[in-house]
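Step one of this worksheet: look at the structure below.
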Amino acid sequence: MNLKPSAAAFAVGLVSVAYVPLLHAQSADVASAGSQTKSLAGITVTAGRPSSLPGYIPTTMEGVTAEEIAEKINATDAQDALKYFPSLLVRKRYIGDFDHAVLSTRASGTGNSARSLVFADGILLSNLLGNGASFTPRWGLVAAEEIERVDVLYGPFSAAYSGNSVGAVVDYVTRMPNKFEGSVKLSTFSQSFKLYNTDDTYRGNQVSATFGNRHGDFSWWVSLNRLDNKGQPLVFSTKLLSTGTTSAAGTPVTGAVFGQNPRNLDQFLSGATNIANTIQDNSKLKLAYDFSPTIRASYLFGMWTNDTVRDVQPYLFNTQGQPVYSGNVNIAGRQYNIAATEIAPTRQDLQHVMHGVSVKSNTRGEFDWEVAGSVYDYNRDISRAPTIAAPVSLSGGAGRITNGQDTGWSTLSLKGIWRPGTTGPQDAARVGAHLVDFGFQREAYELRTLVSETPDWIGGSAAARFSAFRGDASLQSFYLQDTWRFAEDWRTTLGLRAESWKASNGALSNATTTQTFGNRSESNVSPKFALAYLVSPEWILKASIGHAVRYPTVSELYQGTISTNTIVNNDPNLKPEKSWTTELTAERDLADLRGIATSGSWRTTAFFESTRDALYSQTNVSVFPNITNIQNVDKIRTKGVEVSLQLNDLIWRSVDLQASYTFADSRIVKNDKFPASVGNWQLRVPRHRATLLATWRVNEKFSTTFGVRSASKQFNALDNGDPNGQAYTGVSPYTVLDLRAVYKLDKQWTFSAGIDNLTNYQYWNFHPYPQRTLFGDVKWTF
């Protein structure tokens with residue numbers, strides 16, 4: 001395929017506008033009881049476990065079911081379920097990526113992890129201790145095999161969610177059985193990777209088992225998953241040629257890879273690092289007891305362990321053919337210094353635990369309620385790295401241990417739903433019907449990080465403190481919103497969210513000094529509004545507007561350094577981000593479209609977002625020109641259009657076609673601290689992005705799927721001075737083709753195979769994405 005990625009995204013978008021939609025689009029008019037059934041005229045209730053998302057609000061929602069994931073997507077991790085959603089991208093660098101897989105949305109790039117919310121069965125998985133690559137959602141707590149469906153609410157239009165919902169709210173609904181059931185799935189994958197001086201094949205495997213049952217009023221579910229995978233190199237040691245000095249000194253070496261960096265400056269690469277071999281175990285236990293037909297208590301326990309070893313590959317060799325990792329080297333008559341830890345291995349040993357409990361009613365009558373709480377705990381969180389050079393460090397020696405134990409968060413939620421004058425579901429769609437939901441929420445976050453010296457970085461104990469930082473944050477919220485069908489063809493939602501935020505116990509330490517921070521607090525009110533008009537049984541028009549306040553995270557406030565008893569590189573007085581987001585949507589139901597398809601939908605949404613005091617890492621050129629840290633950018637404005645269409649059961653009812661296209665113009669319009677950025681594109685938000693998914697069911701047993709994912713040019717620097725995206729630390733355009741085939745031998749046995757990145761396209765998002773990857777699965781269901 002010779003299309004340039006930007007042209008390909010536009011071409012796929014044209015196809016989507018003309019012919020096809022994306023995924024199984026879930027109408028925003030679906031009841032909170034949860035359903036995949038679409039209804040434009042009113043609330044529809046069908047069977048299915050409830051999502052935590054408020055599906056009755058007339059705004060944009062999308063969804064995908066477990067059956068669709070299994071048939072159409074090469075899914076090894078929970079985040080793969082989002083692969084073809086409109087305007088969404090998870091920066092998954094390799095299978096099992098747990099610390100950089102950030103979710104990006106319409107107006108937020110892959111460096112803004114705190115501008116979206118991810119839940120599993122209503123339990124918070126988003127890591128709001130920080131914002132960025134190191135604070136990704138805890139994807140590992142959900143195995144792909146336990147997913148029943150995934151629902152996404154776009155934008156901050158529900159008062160039930162904090163300002164972190166400004167991008168999107170994702171809820172994974174996991175399985176809960178009504179009878180005895182279970183499955184075992186074995187998967188294998190392989191990636192051939194060739195880049196710079198690396199030419200290797202990286203392999204992995206995964207085994208999943210699920211089983212559960214219902215005994216009268218009691219039901220239970222167990223999910224077990226083990227992943228063992230080795231990824232491609234992610235980090236490279238680089239030197240600008242301009243930093244070398246003309247000299248005969250230094251060790252003569254060969255093997256350097258010459259090229260240009262994202263700013264088109266000449267450089268060479270001396271080695272590859274961060275070649276992660278990760279072994280991850282996910283264990284999940286869910287219990288539920290029905291006290292009555294309308295009241296259920298649930299408990300969830302999840303544990304995720306991760307043992308990761310990150311290897312290195314040196315590119316430089318001396319005249320004796322021995323690898324060179326560091327020191328003074330001489331390349332083509334110029335001397336360079338490679339620091340001791342530029343090409344260094346690291347290790348991680350993690351065990352995170354999650355608890356969730358809830359008691360809720362589901363009468364669907366005049367009043368329902370829910371009490372829920374959850375705890376996420378870094379029970380063990382150890383990272384180890386050497387401070388001495390390889391090859392000595394490959395077998396041990398001095399280093400540092402980073403301990404994140406006692407970090408975590410907890411949530412408490414009290415919810416009520418009042419349907420005045422309602423006696424049952426049949427009254428939900430009547431003219432004049434109100435659905436009032438309200439509640440109180442509390443979220444508490446604790447960040448604890450201690451970096452210690454150790455005599456043996458591989459297995460030694462922690463010794464003297466090198467650095468440390470800590471901080472707490474809490475958010476208490478009250479919300480109220482009313483969805484009202486005030487006329488036959490009209491429905492509206494009015495909402496208000498009041499929040500009280502507090503940051504406390506902040507402290508930053510080096511080896512000898514500890515500096516503390518004063519407490520901070522702030523309160524804000526965020527209004528929400530949505531309106532829907534049913535033009536005809538096929539057409540609906542919707543408009544939404546919402547205000548969102550995204551408070552600074554503990555890490556943004558308190559994680560920095562101390563120099564001569566002065567705190568640098570962080571600002572404990574950061575302002576919160578404040579955004580106004582608007583949607584205008586036209587949606588058409590395409591059911592029985594003149595015999596072409598049995599069902600489908602077409603949606604076009606215009607979206608607008610204005611954000612003040614956006615939080616980004618930059619240099620304040622007028623005050624601290626030598627310091628780069630998290631600062632407030634005065635104003636960013638985004639406007640765009642999103643198209644999502646779908647046709648099911650085409651061509652003798654055997655083909656599904658799904659697609660999406662998004663255009664976004666996201667620019668910095670004011671930034672007094674860094675004027676060179678004004679007028680430039682927001683980081684990692686492409687102007688064009690598109691997806692296409694076509695499934696052909698050859699017969700009842702065999703299906704094949706063809707997928708396309710595409711995005712246009714992006715930038716990783718606020719001044720947009722990095723035009724070369726095809727280099728380490730660059731962000732490139734891309735068009736990636738995927739294939740999947742599934743064969744159902746019988747009711748118990750299913751075989752599948754797939755390819756991601758069929759054309760072996762090389763593309764980047766700071767780190768290199770995977771190249772051509774092969775998948776094979778066998779699943780036994782009982």
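Each chain in the structure tokens gets a letter, A, B, ..., in the order shown, and its residues are numbered from 1; ligands are numbered from 1 in order too.
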
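The environment of Phe702 in chain A within 12 Å, counting only C-alpha atoms and disregarding residues fewer than 4 places along the same chain, consists of A:Glu71, A:Lys72, A:Ser654, A:Thr695, A:Trp696, A:Arg697, A:Val698, A:Arg740, A:Ala741, A:Val742, A:Tyr743, A:Lys744, A:Leu745, A:Asp746, A:Thr750, A:Phe751, A:Ser752, A:Ala753.
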
What does the file look like for those residues with N, CA and C atoms, as a compact mmCIF listing (two decimals), in the first residue's frame?
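Output file selection_22.txt is given in full below:
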# COMPACT_ATOMS: atom_id res chain seq x y z
N GLU A 71 -14.30 -11.96 17.53
CA GLU A 71 -14.38 -12.22 16.09
C GLU A 71 -13.50 -11.27 15.27
N LYS A 72 -13.35 -10.00 15.70
CA LYS A 72 -12.79 -8.99 14.82
C LYS A 72 -11.43 -8.42 15.23
N SER A 654 -23.88 -11.43 5.18
CA SER A 654 -22.65 -12.09 5.60
C SER A 654 -21.50 -11.13 5.87
N THR A 695 -15.80 -7.32 8.19
CA THR A 695 -15.86 -8.73 8.58
C THR A 695 -16.74 -9.49 7.60
N TRP A 696 -16.20 -10.59 7.08
CA TRP A 696 -16.95 -11.47 6.17
C TRP A 696 -17.16 -12.82 6.85
N ARG A 697 -18.41 -13.15 7.11
CA ARG A 697 -18.75 -14.45 7.68
C ARG A 697 -19.00 -15.43 6.52
N VAL A 698 -17.99 -16.21 6.21
CA VAL A 698 -18.07 -17.12 5.08
C VAL A 698 -19.20 -18.13 5.29
N ARG A 740 -7.61 -10.83 10.61
CA ARG A 740 -7.98 -11.83 11.62
C ARG A 740 -8.90 -12.85 10.96
N ALA A 741 -8.70 -14.11 11.33
CA ALA A 741 -9.56 -15.19 10.87
C ALA A 741 -9.95 -16.06 12.06
N VAL A 742 -11.22 -16.45 12.12
CA VAL A 742 -11.73 -17.25 13.24
C VAL A 742 -12.49 -18.45 12.68
N TYR A 743 -12.18 -19.64 13.21
CA TYR A 743 -12.87 -20.86 12.80
C TYR A 743 -13.44 -21.54 14.05
N LYS A 744 -14.76 -21.72 14.06
CA LYS A 744 -15.45 -22.39 15.17
C LYS A 744 -15.70 -23.84 14.78
N LEU A 745 -14.87 -24.72 15.33
CA LEU A 745 -15.00 -26.14 14.99
C LEU A 745 -16.34 -26.69 15.46
N ASP A 746 -16.71 -26.34 16.68
CA ASP A 746 -18.00 -26.73 17.23
C ASP A 746 -18.32 -25.77 18.36
N THR A 750 -12.63 -23.27 19.37
CA THR A 750 -12.48 -22.16 18.43
C THR A 750 -11.00 -21.93 18.17
N PHE A 751 -10.67 -21.79 16.89
CA PHE A 751 -9.30 -21.50 16.48
C PHE A 751 -9.26 -20.15 15.77
N SER A 752 -8.23 -19.37 16.03
CA SER A 752 -8.13 -18.07 15.38
C SER A 752 -6.67 -17.74 15.10
N ALA A 753 -6.47 -16.88 14.10
CA ALA A 753 -5.14 -16.41 13.74
C ALA A 753 -5.26 -14.99 13.22

Using DSSP assignments from the backbone, pull out every residue in range 107-286 of chain A that falls under helix (DSSP H, G or I) and give it to me as a PDB file with N, CA, C and O atoms, in the first residue's frame.
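Output (states.pdb):
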ATOM      1  N   SER A 113      -2.607  11.379  30.253  1.00  0.00           N
ATOM      2  CA  SER A 113      -3.342  10.253  30.827  1.00  0.00           C
ATOM      3  C   SER A 113      -4.427  10.687  31.796  1.00  0.00           C
ATOM      4  O   SER A 113      -5.390   9.950  32.026  1.00  0.00           O
ATOM      5  N   ALA A 114      -4.307  11.878  32.393  1.00  0.00           N
ATOM      6  CA  ALA A 114      -5.280  12.330  33.395  1.00  0.00           C
ATOM      7  C   ALA A 114      -6.490  13.012  32.773  1.00  0.00           C
ATOM      8  O   ALA A 114      -7.338  13.538  33.501  1.00  0.00           O
ATOM      9  N   ARG A 115      -6.587  12.998  31.434  1.00  0.00           N
ATOM     10  CA  ARG A 115      -7.735  13.616  30.765  1.00  0.00           C
ATOM     11  C   ARG A 115      -8.711  12.561  30.227  1.00  0.00           C
ATOM     12  O   ARG A 115      -9.415  12.794  29.242  1.00  0.00           O
ATOM     13  N   TRP A 139      -4.342  -1.315  33.171  1.00  0.00           N
ATOM     14  CA  TRP A 139      -4.938  -2.252  32.216  1.00  0.00           C
ATOM     15  C   TRP A 139      -4.783  -3.700  32.665  1.00  0.00           C
ATOM     16  O   TRP A 139      -5.638  -4.550  32.350  1.00  0.00           O
ATOM     17  N   GLY A 140      -3.689  -4.012  33.345  1.00  0.00           N
ATOM     18  CA  GLY A 140      -3.409  -5.392  33.726  1.00  0.00           C
ATOM     19  C   GLY A 140      -4.428  -6.007  34.657  1.00  0.00           C
ATOM     20  O   GLY A 140      -4.448  -7.225  34.838  1.00  0.00           O
ATOM     21  N   LEU A 141      -5.294  -5.170  35.275  1.00  0.00           N
ATOM     22  CA  LEU A 141      -6.315  -5.711  36.172  1.00  0.00           C
ATOM     23  C   LEU A 141      -7.538  -6.233  35.426  1.00  0.00           C
ATOM     24  O   LEU A 141      -8.480  -6.729  36.061  1.00  0.00           O
ATOM     25  N   ALA A 144      -8.317  -9.781  28.768  1.00  0.00           N
ATOM     26  CA  ALA A 144      -9.174  -9.681  27.585  1.00  0.00           C
ATOM     27  C   ALA A 144     -10.290 -10.713  27.608  1.00  0.00           C
ATOM     28  O   ALA A 144     -11.410 -10.451  27.151  1.00  0.00           O
ATOM     29  N   GLU A 145     -10.016 -11.894  28.154  1.00  0.00           N
ATOM     30  CA  GLU A 145     -10.990 -12.977  28.123  1.00  0.00           C
ATOM     31  C   GLU A 145     -12.158 -12.778  29.087  1.00  0.00           C
ATOM     32  O   GLU A 145     -13.189 -13.440  28.948  1.00  0.00           O
ATOM     33  N   GLU A 146     -12.031 -11.899  30.073  1.00  0.00           N
ATOM     34  CA  GLU A 146     -13.123 -11.732  31.033  1.00  0.00           C
ATOM     35  C   GLU A 146     -14.073 -10.608  30.643  1.00  0.00           C
ATOM     36  O   GLU A 146     -15.080 -10.371  31.305  1.00  0.00           O
ATOM     37  N   GLY A 163     -13.735  16.073  36.459  1.00  0.00           N
ATOM     38  CA  GLY A 163     -13.228  16.751  35.279  1.00  0.00           C
ATOM     39  C   GLY A 163     -12.232  15.948  34.477  1.00  0.00           C
ATOM     40  O   GLY A 163     -11.935  16.283  33.329  1.00  0.00           O
ATOM     41  N   ASN A 164     -11.708  14.862  35.035  1.00  0.00           N
ATOM     42  CA  ASN A 164     -10.835  13.971  34.269  1.00  0.00           C
ATOM     43  C   ASN A 164     -11.575  13.284  33.131  1.00  0.00           C
ATOM     44  O   ASN A 164     -10.954  12.684  32.255  1.00  0.00           O
ATOM     45  N   SER A 165     -12.889  13.393  33.106  1.00  0.00           N
ATOM     46  CA  SER A 165     -13.700  12.820  32.033  1.00  0.00           C
ATOM     47  C   SER A 165     -13.728  13.696  30.796  1.00  0.00           C
ATOM     48  O   SER A 165     -14.447  13.386  29.837  1.00  0.00           O
ATOM     49  N   VAL A 166     -12.954  14.770  30.775  1.00  0.00           N
ATOM     50  CA  VAL A 166     -13.016  15.733  29.678  1.00  0.00           C
ATOM     51  C   VAL A 166     -12.768  15.074  28.328  1.00  0.00           C
ATOM     52  O   VAL A 166     -13.322  15.495  27.308  1.00  0.00           O
ATOM     53  N   LEU A 241      26.026  14.797  16.610  1.00  0.00           N
ATOM     54  CA  LEU A 241      27.382  14.861  16.078  1.00  0.00           C
ATOM     55  C   LEU A 241      28.078  16.144  16.504  1.00  0.00           C
ATOM     56  O   LEU A 241      29.305  16.183  16.673  1.00  0.00           O
ATOM     57  N   SER A 242      27.314  17.200  16.713  1.00  0.00           N
ATOM     58  CA  SER A 242      27.904  18.489  17.092  1.00  0.00           C
ATOM     59  C   SER A 242      28.520  18.465  18.477  1.00  0.00           C
ATOM     60  O   SER A 242      29.299  19.365  18.833  1.00  0.00           O
ATOM     61  N   THR A 243      28.206  17.433  19.308  1.00  0.00           N
ATOM     62  CA  THR A 243      28.776  17.372  20.665  1.00  0.00           C
ATOM     63  C   THR A 243      30.162  16.736  20.672  1.00  0.00           C
ATOM     64  O   THR A 243      30.826  16.745  21.702  1.00  0.00           O
TER      65      THR A 243
END

Shell around range 462-468 of chain A at 7 Å using only C-alpha atoms, local window under 4 positions removed, as an NGL selection string: :A and (401 or 449-454 or 508-511)

Using DSSP secondary structure from the backbone, list all strand (DSSP E or B) positions within range 411-444 of chain A, as a ChimeraX atom specification. /A:411-418,434-444

Save out the residues we just selected, C-alpha atoms, as a compact mmCIF listing (two decimals), in the first residue's frame.
# COMPACT_ATOMS: atom_id res chain seq x y z
CA THR A 411 -13.03 5.66 46.25
CA LEU A 412 -16.44 5.92 47.90
CA SER A 413 -19.68 6.50 46.02
CA LEU A 414 -23.25 7.00 47.22
CA LYS A 415 -25.76 7.16 44.37
CA GLY A 416 -29.47 7.55 44.01
CA ILE A 417 -31.85 7.48 41.03
CA TRP A 418 -35.32 8.97 41.40
CA HIS A 434 -38.02 12.60 34.77
CA LEU A 435 -34.95 10.60 35.73
CA VAL A 436 -33.07 12.36 38.50
CA ASP A 437 -29.74 10.94 39.61
CA PHE A 438 -27.65 12.37 42.40
CA GLY A 439 -24.82 11.35 44.63
CA PHE A 440 -21.76 11.95 46.75
CA GLN A 441 -18.27 10.78 45.79
CA ARG A 442 -14.91 10.80 47.49
CA GLU A 443 -11.56 9.93 45.93
CA ALA A 444 -8.31 9.85 47.91

Check the smallest atom-to-atom distance from each of A:Phe715, A:Trp409, A:Tyr734, A:Phe236 to Glu342 in chain A using only C-alpha atoms, then report the winner.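 Smallest separation from Glu342 in chain A among the options: A:Phe236.
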
I'd like the neighbourhood of Pro527 in chain A as an NGL selection string, where a residue qualifies if any of its atoms comes within 8 Å (using only C-alpha atoms), though same-chain residues fewer than 6 positions away should be ignored. :A and (159 or 494-497 or 546-547)

A:Thr188, A:Asn178, A:Asn318, A:Ser158 ranked by distance to Leu774 in chain A, top pick (using only C-alpha atoms):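 Closest to Leu774 in chain A of all the choices is A:Thr188.
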
For Val731 in chain A, which of A:Tyr154, A:Asn403, A:Gln631, A:Gly111 is the closest residue, counting only C-alpha atoms?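 Using only C-alpha atoms, the shortest distance to Val731 in chain A belongs to A:Gly111.
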
What separation in Å, quoted to one decimal, exists between CA of Arg772 in chain A and CA of Thr201 in chain A?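 Interatomic distance here is 10.3 Å.
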
Selection near Phe291 in chain A, 10 Å with only C-alpha atoms, sequence-local residues under 4 positions removed, as an MDAnalysis selection string: chainID A and resid 217:218 295:297 359 361

Any chance you can output those residues with N, CA and C atoms as a PDB file, in the first residue's frame?
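For reference, out10.pdb as written:
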ATOM      1  N   ASP A 217     -29.264 -17.727  44.842  1.00  0.00           N
ATOM      2  CA  ASP A 217     -29.031 -16.287  44.953  1.00  0.00           C
ATOM      3  C   ASP A 217     -27.551 -15.923  44.939  1.00  0.00           C
ATOM      4  N   PHE A 218     -26.668 -16.928  44.925  1.00  0.00           N
ATOM      5  CA  PHE A 218     -25.229 -16.677  45.003  1.00  0.00           C
ATOM      6  C   PHE A 218     -24.574 -17.006  43.662  1.00  0.00           C
ATOM      7  N   ILE A 295     -32.171  -6.359  44.999  1.00  0.00           N
ATOM      8  CA  ILE A 295     -31.018  -5.877  45.760  1.00  0.00           C
ATOM      9  C   ILE A 295     -29.896  -6.894  45.678  1.00  0.00           C
ATOM     10  N   ARG A 296     -28.729  -6.417  45.235  1.00  0.00           N
ATOM     11  CA  ARG A 296     -27.569  -7.300  45.069  1.00  0.00           C
ATOM     12  C   ARG A 296     -26.350  -6.691  45.756  1.00  0.00           C
ATOM     13  N   ALA A 297     -25.579  -7.551  46.440  1.00  0.00           N
ATOM     14  CA  ALA A 297     -24.284  -7.169  46.999  1.00  0.00           C
ATOM     15  C   ALA A 297     -23.199  -7.865  46.196  1.00  0.00           C
ATOM     16  N   VAL A 359     -23.310  -2.450  47.061  1.00  0.00           N
ATOM     17  CA  VAL A 359     -24.664  -2.917  47.325  1.00  0.00           C
ATOM     18  C   VAL A 359     -25.591  -1.992  46.558  1.00  0.00           C
ATOM     19  N   SER A 361     -29.605  -1.451  44.424  1.00  0.00           N
ATOM     20  CA  SER A 361     -30.955  -1.891  44.095  1.00  0.00           C
ATOM     21  C   SER A 361     -31.197  -1.685  42.602  1.00  0.00           C
TER      22      SER A 361
END

List the spatial neighbours of Lys83 in chain A as a PDB file with N, CA and C atoms, in the first residue's frame - criterion: any atom at most 12 Å away, only C-alpha atoms, same-chain residues fewer than 3 positions off excluded.
ATOM      1  N   LEU A  22     -18.555   2.674  12.234  1.00  0.00           N
ATOM      2  CA  LEU A  22     -17.597   2.026  13.144  1.00  0.00           C
ATOM      3  C   LEU A  22     -18.274   1.308  14.291  1.00  0.00           C
ATOM      4  N   LEU A  23     -17.803   0.089  14.530  1.00  0.00           N
ATOM      5  CA  LEU A  23     -18.175  -0.676  15.715  1.00  0.00           C
ATOM      6  C   LEU A  23     -19.682  -0.780  15.880  1.00  0.00           C
ATOM      7  N   GLY A  63     -19.916   1.428  21.873  1.00  0.00           N
ATOM      8  CA  GLY A  63     -19.700   0.212  22.622  1.00  0.00           C
ATOM      9  C   GLY A  63     -19.262  -0.932  21.732  1.00  0.00           C
ATOM     10  N   VAL A  64     -18.656  -1.937  22.338  1.00  0.00           N
ATOM     11  CA  VAL A  64     -18.261  -3.148  21.631  1.00  0.00           C
ATOM     12  C   VAL A  64     -18.480  -4.325  22.578  1.00  0.00           C
ATOM     13  N   ILE A  69     -15.281  -8.468  19.884  1.00  0.00           N
ATOM     14  CA  ILE A  69     -13.842  -8.486  20.156  1.00  0.00           C
ATOM     15  C   ILE A  69     -13.236  -9.809  19.704  1.00  0.00           C
ATOM     16  N   LYS A  72     -13.346 -10.003  15.705  1.00  0.00           N
ATOM     17  CA  LYS A  72     -12.793  -8.987  14.820  1.00  0.00           C
ATOM     18  C   LYS A  72     -11.434  -8.425  15.226  1.00  0.00           C
ATOM     19  N   ILE A  73     -11.004  -8.616  16.483  1.00  0.00           N
ATOM     20  CA  ILE A  73      -9.835  -7.896  16.988  1.00  0.00           C
ATOM     21  C   ILE A  73      -8.796  -8.879  17.509  1.00  0.00           C
ATOM     22  N   ASN A  74      -7.540  -8.678  17.131  1.00  0.00           N
ATOM     23  CA  ASN A  74      -6.435  -9.424  17.715  1.00  0.00           C
ATOM     24  C   ASN A  74      -6.167  -8.824  19.095  1.00  0.00           C
ATOM     25  N   ALA A  75      -6.812  -9.363  20.113  1.00  0.00           N
ATOM     26  CA  ALA A  75      -6.802  -8.764  21.448  1.00  0.00           C
ATOM     27  C   ALA A  75      -6.016  -9.633  22.418  1.00  0.00           C
ATOM     28  N   THR A  76      -4.925  -9.098  22.945  1.00  0.00           N
ATOM     29  CA  THR A  76      -4.154  -9.767  23.990  1.00  0.00           C
ATOM     30  C   THR A  76      -4.256  -9.041  25.318  1.00  0.00           C
ATOM     31  N   ASP A  77      -4.547  -7.737  25.275  1.00  0.00           N
ATOM     32  CA  ASP A  77      -4.660  -6.907  26.473  1.00  0.00           C
ATOM     33  C   ASP A  77      -6.011  -6.211  26.462  1.00  0.00           C
ATOM     34  N   ALA A  78      -6.434  -5.736  27.635  1.00  0.00           N
ATOM     35  CA  ALA A  78      -7.729  -5.064  27.736  1.00  0.00           C
ATOM     36  C   ALA A  78      -7.816  -3.855  26.815  1.00  0.00           C
ATOM     37  N   GLN A  79      -6.717  -3.114  26.652  1.00  0.00           N
ATOM     38  CA  GLN A  79      -6.747  -1.906  25.839  1.00  0.00           C
ATOM     39  C   GLN A  79      -6.970  -2.189  24.366  1.00  0.00           C
ATOM     40  N   ASP A  80      -6.741  -3.436  23.924  1.00  0.00           N
ATOM     41  CA  ASP A  80      -6.972  -3.766  22.508  1.00  0.00           C
ATOM     42  C   ASP A  80      -8.436  -3.649  22.127  1.00  0.00           C
ATOM     43  N   PRO A  86     -13.941   5.272  17.471  1.00  0.00           N
ATOM     44  CA  PRO A  86     -13.721   6.599  16.884  1.00  0.00           C
ATOM     45  C   PRO A  86     -12.866   7.477  17.796  1.00  0.00           C
ATOM     46  N   SER A  87     -11.832   8.080  17.226  1.00  0.00           N
ATOM     47  CA  SER A  87     -11.023   9.125  17.877  1.00  0.00           C
ATOM     48  C   SER A  87     -10.201   8.638  19.066  1.00  0.00           C
ATOM     49  N   LEU A  88     -10.208   7.354  19.373  1.00  0.00           N
ATOM     50  CA  LEU A  88      -9.444   6.842  20.508  1.00  0.00           C
ATOM     51  C   LEU A  88      -8.172   6.147  20.033  1.00  0.00           C
ATOM     52  N   LEU A  89      -7.117   6.295  20.811  1.00  0.00           N
ATOM     53  CA  LEU A  89      -5.868   5.586  20.555  1.00  0.00           C
ATOM     54  C   LEU A  89      -5.210   5.275  21.891  1.00  0.00           C
ATOM     55  N   VAL A  90      -4.819   4.021  22.073  1.00  0.00           N
ATOM     56  CA  VAL A  90      -4.012   3.640  23.225  1.00  0.00           C
ATOM     57  C   VAL A  90      -2.588   3.430  22.729  1.00  0.00           C
ATOM     58  N   ARG A  91      -1.648   4.136  23.324  1.00  0.00           N
ATOM     59  CA  ARG A  91      -0.243   4.066  22.906  1.00  0.00           C
ATOM     60  C   ARG A  91       0.395   2.783  23.457  1.00  0.00           C
ATOM     61  N   LYS A  92      -0.016   1.668  22.898  1.00  0.00           N
ATOM     62  CA  LYS A  92       0.492   0.368  23.312  1.00  0.00           C
ATOM     63  C   LYS A  92       1.733   0.041  22.482  1.00  0.00           C
ATOM     64  N   LEU A 103      -4.183   6.434  27.055  1.00  0.00           N
ATOM     65  CA  LEU A 103      -5.361   6.596  26.216  1.00  0.00           C
ATOM     66  C   LEU A 103      -5.459   8.044  25.754  1.00  0.00           C
ATOM     67  N   SER A 104      -5.506   8.253  24.439  1.00  0.00           N
ATOM     68  CA  SER A 104      -5.723   9.594  23.884  1.00  0.00           C
ATOM     69  C   SER A 104      -7.120   9.681  23.296  1.00  0.00           C
ATOM     70  N   VAL A 150     -17.472  -3.340  26.378  1.00  0.00           N
ATOM     71  CA  VAL A 150     -16.811  -2.081  26.728  1.00  0.00           C
ATOM     72  C   VAL A 150     -17.692  -0.939  26.237  1.00  0.00           C
ATOM     73  N   ALA A 659     -16.563   1.858  10.203  1.00  0.00           N
ATOM     74  CA  ALA A 659     -15.477   2.808   9.967  1.00  0.00           C
ATOM     75  C   ALA A 659     -15.708   4.091  10.745  1.00  0.00           C
ATOM     76  N   SER A 660     -14.645   4.865  10.868  1.00  0.00           N
ATOM     77  CA  SER A 660     -14.756   6.185  11.482  1.00  0.00           C
ATOM     78  C   SER A 660     -13.715   7.110  10.875  1.00  0.00           C
ATOM     79  N   ALA A 690      -8.409   7.784  11.233  1.00  0.00           N
ATOM     80  CA  ALA A 690      -9.506   6.991  10.680  1.00  0.00           C
ATOM     81  C   ALA A 690      -9.309   5.522  11.014  1.00  0.00           C
ATOM     82  N   THR A 691     -10.414   4.796  11.013  1.00  0.00           N
ATOM     83  CA  THR A 691     -10.384   3.340  11.164  1.00  0.00           C
ATOM     84  C   THR A 691     -11.359   2.728  10.176  1.00  0.00           C
ATOM     85  N   LEU A 692     -11.091   1.494   9.812  1.00  0.00           N
ATOM     86  CA  LEU A 692     -11.978   0.724   8.936  1.00  0.00           C
ATOM     87  C   LEU A 692     -11.920  -0.726   9.376  1.00  0.00           C
ATOM     88  N   LEU A 693     -13.084  -1.366   9.461  1.00  0.00           N
ATOM     89  CA  LEU A 693     -13.156  -2.752   9.899  1.00  0.00           C
ATOM     90  C   LEU A 693     -14.224  -3.457   9.066  1.00  0.00           C
ATOM     91  N   GLY A 707      -8.794  -4.927   8.902  1.00  0.00           N
ATOM     92  CA  GLY A 707      -8.847  -3.662   9.632  1.00  0.00           C
ATOM     93  C   GLY A 707      -7.804  -2.680   9.159  1.00  0.00           C
ATOM     94  N   VAL A 708      -8.123  -1.390   9.296  1.00  0.00           N
ATOM     95  CA  VAL A 708      -7.194  -0.310   8.965  1.00  0.00           C
ATOM     96  C   VAL A 708      -7.213   0.694  10.103  1.00  0.00           C
ATOM     97  N   ARG A 709      -6.022   1.114  10.538  1.00  0.00           N
ATOM     98  CA  ARG A 709      -5.874   2.204  11.507  1.00  0.00           C
ATOM     99  C   ARG A 709      -4.916   3.232  10.918  1.00  0.00           C
ATOM    100  N   SER A 710      -5.310   4.504  10.933  1.00  0.00           N
ATOM    101  CA  SER A 710      -4.503   5.513  10.257  1.00  0.00           C
ATOM    102  C   SER A 710      -4.569   6.841  10.993  1.00  0.00           C
ATOM    103  N   VAL A 736      -1.826   1.424   9.205  1.00  0.00           N
ATOM    104  CA  VAL A 736      -1.538   0.059   9.613  1.00  0.00           C
ATOM    105  C   VAL A 736      -2.710  -0.831   9.204  1.00  0.00           C
ATOM    106  N   ASP A 738      -4.546  -4.670   9.428  1.00  0.00           N
ATOM    107  CA  ASP A 738      -4.659  -5.832  10.310  1.00  0.00           C
ATOM    108  C   ASP A 738      -5.552  -6.893   9.670  1.00  0.00           C
ATOM    109  N   ASP A 756      -1.236  -8.197  12.937  1.00  0.00           N
ATOM    110  CA  ASP A 756      -1.275  -6.748  13.103  1.00  0.00           C
ATOM    111  C   ASP A 756      -0.094  -6.146  12.356  1.00  0.00           C
TER     112      ASP A 756
END

Using only C-alpha atoms, determine which residues lie at most 12 Å from Ser410 in chain A, disregarding the query and same-chain residues fewer than 3 positions distant; provide the list as a PyMOL selection string. chain A and resi 123-129+353-357+372-378+407+413+441-446+472-475
